[in-house]
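Dropping work-v4.txt in here (compact mmCIF, C-alpha atoms):
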```
# COMPACT_ATOMS: atom_id res chain seq x y z
CA MET A 126 -1.22 15.24 0.15
CA TYR A 127 -1.32 13.86 3.69
CA ASP A 128 -3.25 16.63 5.43
CA ASP A 129 -6.99 16.54 5.90
CA LEU A 130 -7.49 18.77 2.86
CA PRO A 131 -9.57 17.73 -0.12
CA VAL A 132 -7.44 16.46 -3.00
CA SER A 133 -8.87 19.27 -5.14
CA THR A 134 -7.32 21.83 -2.76
CA ALA A 135 -3.94 20.12 -2.96
CA LEU A 136 -4.17 20.07 -6.75
CA SER A 137 -5.00 23.78 -6.82
CA MET A 138 -2.00 24.56 -4.63
CA ALA A 139 0.18 22.34 -6.83
CA GLU A 140 -0.96 24.18 -9.96
CA ASP A 141 -0.06 27.48 -8.26
CA ALA A 142 3.44 26.19 -7.46
CA VAL A 143 3.97 25.06 -11.05
CA THR A 144 2.65 28.38 -12.43
CA VAL A 145 4.83 30.48 -10.11
CA SER A 146 7.94 28.52 -11.15
CA ASP A 147 7.40 29.83 -14.70
CA GLY A 148 9.06 26.80 -16.30
CA GLN A 149 12.18 26.95 -14.14
CA ALA A 150 13.49 23.82 -12.47
CA THR A 151 13.15 24.53 -8.75
CA THR A 152 12.28 22.49 -5.67
CA GLY A 153 8.91 24.26 -5.63
CA ALA A 154 8.20 23.26 -9.22
CA ALA A 155 9.26 19.68 -8.51
CA SER A 156 7.01 19.59 -5.45
CA GLY A 157 4.14 21.03 -7.48
CA HIS A 158 4.49 18.41 -10.20
CA ALA A 159 4.80 15.70 -7.52
CA ALA A 160 1.61 16.83 -5.78
CA ARG A 161 -0.21 16.96 -9.13
CA ALA A 162 0.91 13.40 -9.95
CA GLN A 163 -0.13 12.08 -6.54
CA GLY A 164 -3.40 14.01 -6.49
CA PHE A 165 -4.45 12.74 -9.90
CA ALA A 166 -3.44 9.21 -8.86
CA GLN A 167 -5.62 9.43 -5.75
CA LEU A 168 -8.55 10.55 -7.86
CA GLY A 169 -8.07 7.63 -10.26
CA ARG A 170 -7.09 9.96 -13.10
CA HIS A 171 -4.15 7.75 -14.03
CA ASN A 172 -3.31 9.19 -17.46
CA GLU A 173 -3.08 12.68 -15.96
CA ALA A 174 -1.03 11.29 -13.07
CA ARG A 175 1.45 9.72 -15.50
CA ARG A 176 1.70 12.99 -17.48
CA ALA A 177 2.36 14.91 -14.26
CA LEU A 178 4.98 12.32 -13.31
CA GLY A 179 6.59 12.91 -16.72
CA ASP A 180 6.62 16.67 -16.00
CA LEU A 181 8.25 15.92 -12.64
CA GLU A 182 10.89 13.74 -14.29
CA ALA A 183 11.68 16.48 -16.82
CA THR A 184 11.97 19.06 -14.02
CA PHE A 185 14.13 16.70 -11.95
CA ASP A 186 16.52 16.25 -14.89
CA ARG A 187 17.10 20.02 -14.93
CA LEU A 188 17.65 20.49 -11.18
CA GLY A 189 21.12 21.46 -10.03
CA THR A 190 23.36 18.74 -8.64
CA ALA A 191 23.32 20.15 -5.10
CA THR A 192 19.50 20.03 -5.05
CA ALA A 193 19.23 16.59 -6.65
CA ASP A 194 21.93 15.10 -4.40
CA ASP A 195 20.35 16.42 -1.16
CA ARG A 196 18.62 13.37 0.37
CA ARG A 197 18.28 14.63 3.92
CA SER A 198 16.75 18.09 3.91
CA GLN A 199 13.43 19.56 2.87
CA TRP A 200 15.28 21.91 0.53
CA GLY A 201 16.60 19.15 -1.68
CA TRP A 202 14.72 17.20 -4.32
CA SER A 203 16.51 13.89 -4.60
CA GLN A 204 16.16 10.77 -6.71
CA GLN A 205 14.56 9.02 -3.73
CA ARG A 206 11.76 11.60 -3.73
CA LEU A 207 11.23 11.12 -7.46
CA LEU A 208 11.05 7.35 -6.97
CA HIS A 209 8.69 7.83 -4.03
CA VAL A 210 6.25 9.73 -6.26
CA ALA A 211 6.59 7.13 -9.04
CA SER A 212 5.86 4.40 -6.48
CA PHE A 213 2.74 6.25 -5.34
CA VAL A 214 1.46 6.92 -8.87
CA TYR A 215 1.97 3.38 -10.15
CA ALA A 216 0.68 1.79 -6.93
CA HIS A 217 -2.59 3.72 -7.19
CA ALA A 218 -2.94 2.53 -10.78
CA GLY A 219 -2.33 -1.08 -9.72
CA ASP A 220 0.68 -1.19 -12.07
CA ALA A 221 2.99 -3.55 -10.17
CA SER A 222 5.35 -3.86 -13.15
CA ARG A 223 6.30 -0.18 -12.69
CA ALA A 224 5.56 0.27 -8.98
CA THR A 225 7.80 -2.55 -7.75
CA PRO A 226 11.04 -1.35 -9.43
CA ALA A 227 10.37 2.21 -8.21
CA GLN A 228 9.77 0.90 -4.68
CA GLU A 229 12.93 -1.23 -4.66
CA ALA A 230 15.03 1.65 -5.99
CA ALA A 231 13.53 4.11 -3.46
CA LEU A 232 14.18 1.76 -0.53
CA ALA A 233 17.79 1.35 -1.67
CA LEU A 234 18.26 5.13 -1.51
CA TYR A 235 16.39 5.92 1.71
CA PRO A 236 18.71 6.16 4.72
CA THR A 237 17.57 3.63 7.33
CA GLU A 238 16.80 6.38 9.84
CA LEU A 239 14.16 7.88 7.50
CA TYR A 240 11.52 5.48 8.77
CA GLN A 241 8.61 7.57 7.45
CA GLY A 242 9.59 7.31 3.81
CA ARG A 243 10.48 3.63 4.09
CA ALA A 244 7.14 2.83 5.75
CA GLN A 245 5.28 4.87 3.14
CA ILE A 246 6.93 2.87 0.34
CA GLU A 247 5.76 -0.34 2.01
CA LEU A 248 2.26 1.14 2.26
CA HIS A 249 2.46 1.94 -1.47
CA ARG A 250 3.10 -1.79 -1.95
CA ALA A 251 -0.07 -2.47 0.02
CA THR A 252 -1.99 0.03 -2.12
CA CYS A 253 -0.73 -1.66 -5.27
CA LEU A 254 -1.92 -5.03 -3.98
CA VAL A 255 -5.37 -3.57 -3.28
CA THR A 256 -5.72 -1.74 -6.60
CA ALA A 257 -4.37 -4.72 -8.56
CA GLY A 258 -7.16 -6.86 -7.12
CA ASP A 259 -5.82 -8.43 -3.91
CA PRO A 260 -7.32 -6.33 -1.07
CA ILE A 261 -6.80 -9.05 1.53
CA GLU A 262 -3.06 -9.23 0.92
CA GLY A 263 -2.96 -5.42 0.80
CA ALA A 264 -4.60 -5.29 4.23
CA ARG A 265 -2.15 -7.87 5.56
CA HIS A 266 0.81 -5.92 4.22
CA THR A 267 -0.53 -2.76 5.84
CA THR A 268 -0.80 -4.49 9.21
CA LEU A 269 2.68 -6.04 8.90
CA THR A 270 4.21 -2.70 7.90
CA ILE A 271 2.77 -0.89 10.90
CA ALA A 272 3.49 -3.77 13.29
CA SER A 273 7.15 -3.83 12.17
CA LEU A 274 7.68 -0.28 13.42
CA PRO A 275 8.86 0.35 16.98
CA SER A 276 5.88 1.27 19.14
CA PRO A 277 6.63 5.04 19.40
CA LEU A 278 6.85 5.32 15.61
CA ARG A 279 3.39 3.81 15.21
CA ARG A 280 2.03 7.13 16.48
CA ASP A 281 3.39 8.99 13.46
CA ALA A 282 0.55 10.93 11.78
CA LEU A 283 2.12 10.75 8.30
CA ILE A 284 2.36 6.96 8.47
CA ARG A 285 -1.18 6.71 9.84
CA ARG A 286 -2.54 8.83 6.99
CA SER A 287 -0.63 6.74 4.46
CA ALA A 288 -2.15 3.58 5.95
CA GLN A 289 -5.60 5.22 5.82
CA HIS A 290 -5.13 5.69 2.06
CA VAL A 291 -4.62 1.94 1.71
CA VAL A 292 -7.63 0.99 3.80
CA LYS A 293 -9.89 3.49 2.00
CA ALA A 294 -8.97 1.83 -1.31
CA ILE A 295 -10.23 -1.58 -0.14
CA PRO A 296 -13.53 -2.40 -1.86
CA ALA A 297 -16.65 -2.84 0.26
CA LYS A 298 -16.98 -6.51 -0.70
CA ALA A 299 -13.78 -7.24 1.27
CA ALA A 300 -14.69 -5.13 4.30
CA SER A 301 -15.65 -8.04 6.55
CA ASP A 302 -12.52 -10.13 5.87
CA PRO A 303 -10.51 -10.69 9.08
CA ALA A 304 -7.33 -9.21 7.54
CA VAL A 305 -9.19 -6.02 6.59
CA CYS A 306 -10.81 -5.81 10.04
CA GLU A 307 -7.37 -6.19 11.63
CA ALA A 308 -5.92 -3.39 9.48
CA ARG A 309 -8.86 -1.12 10.37
CA GLN A 310 -8.43 -1.95 14.07
CA MET A 311 -4.74 -1.13 13.88
CA LEU A 312 -5.58 2.26 12.33
CA THR A 313 -8.12 2.96 15.08
CA SER A 314 -5.48 2.06 17.65
CA MET A 315 -2.95 4.37 15.99
CA ALA A 316 -5.42 7.27 15.98
CA THR A 317 -6.32 6.72 19.62
CA ARG A 318 -2.70 6.68 20.72
CA HIS A 319 -1.77 9.68 18.54
CA ASP A 320 -4.66 12.01 19.38
```
Represent the structure of the file as structure tokens.
Amino acid sequence: MYDDLPVSTALSMAEDAVTVSDGQATTGAASGHAARAQGFAQLGRHNEARRALGDLEATFDRLGTATADDRRSQWGWSQQRLLHVASFVYAHAGDASRATPAQEAALALYPTELYQGRAQIELHRATCLVTAGDPIEGARHTTLTIASLPSPLRRDALIRRSAQHVVKAIPAKAASDPAVCEARQMLTSMATRHD
């Protein structure tokens, strides 16, 4: 979801992962459902995103304890990952009543050293502000989130792409606002330092 692939490609790959799992609860199936939920959310297909999130929740409920309790490796599929996806889906729908509790719960579970996930959750907050109708505050929150990171971490490509998602969601009518210009400038600065 954070590569430079079209969302349709990510959705196709997600469908393949779900199909290959053949109804079994595996990390691959969970990841497939998660990518479907996030892909549909990015495309504004919010009902499909919520259904895919429901499929993810059902799969998560059937995962083994060792997999669901693993919060530190790529091979686990923990509650924090589930909450991360819920945060993303509800933020893109502008549903603060569901996004905010998911974000708070995810942040409570993320170890402090997992700066990427924590920053992404804050960028979901910014997305929710934008999609709920406050693009200026969303831009400000994006800038504050990036600025709060230690300088070396501001070069992180995953965080930069997450911030790009926020800025792309800002409507054209707000494009000339100083807060939006500052967020765009920060993204340009991040790309220049990273590349």
**Message:** So that I can see what lies close to A:Gly258, please list as a PyMOL selection string the residues with an atom at most 12 Å from it, counting all atoms listed in the file and leaving out residues fewer than 2 positions away in the same chain.
**Reply:** chain A and resi 216-221+251-256+260-264+294-296+298-299
**Asked** Contacts of stretch 289-292 of chain A at 12 Å or less, counting all atoms listed in the file, minus same-chain residues fewer than 2 places along, as a PyMOL selection string?
**Response** chain A and resi 126-129+163+166-168+213+216-217+245-256+259-268+270-271+282-287+294-297+299-300+304-313+315-316
**All residues 12 Å or closer to A:Phe165, all atoms listed in the file, same chain fewer than 5 positions away omitted, as an NGL selection string** = :A and (126 or 132-137 or 139-140 or 158-160 or 170-178 or 210 or 213-215 or 217-218)
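Here the question is which of A:Ala224, A:Met138, A:Ala257, A:Ala155 gets nearest to A:Gly201 using all atoms listed in the file, and that residue is A:Ala155.
Note that atom CA of A:Ser222 and atom CA of A:Gly157 are 25.6 Å apart.
Non-sequential neighbours of A:Trp202 (distance at most 6 Å, separation of 2 or more positions within a chain, all atoms listed in the file) are Thr152, Thr192 and Ala193 of chain A.
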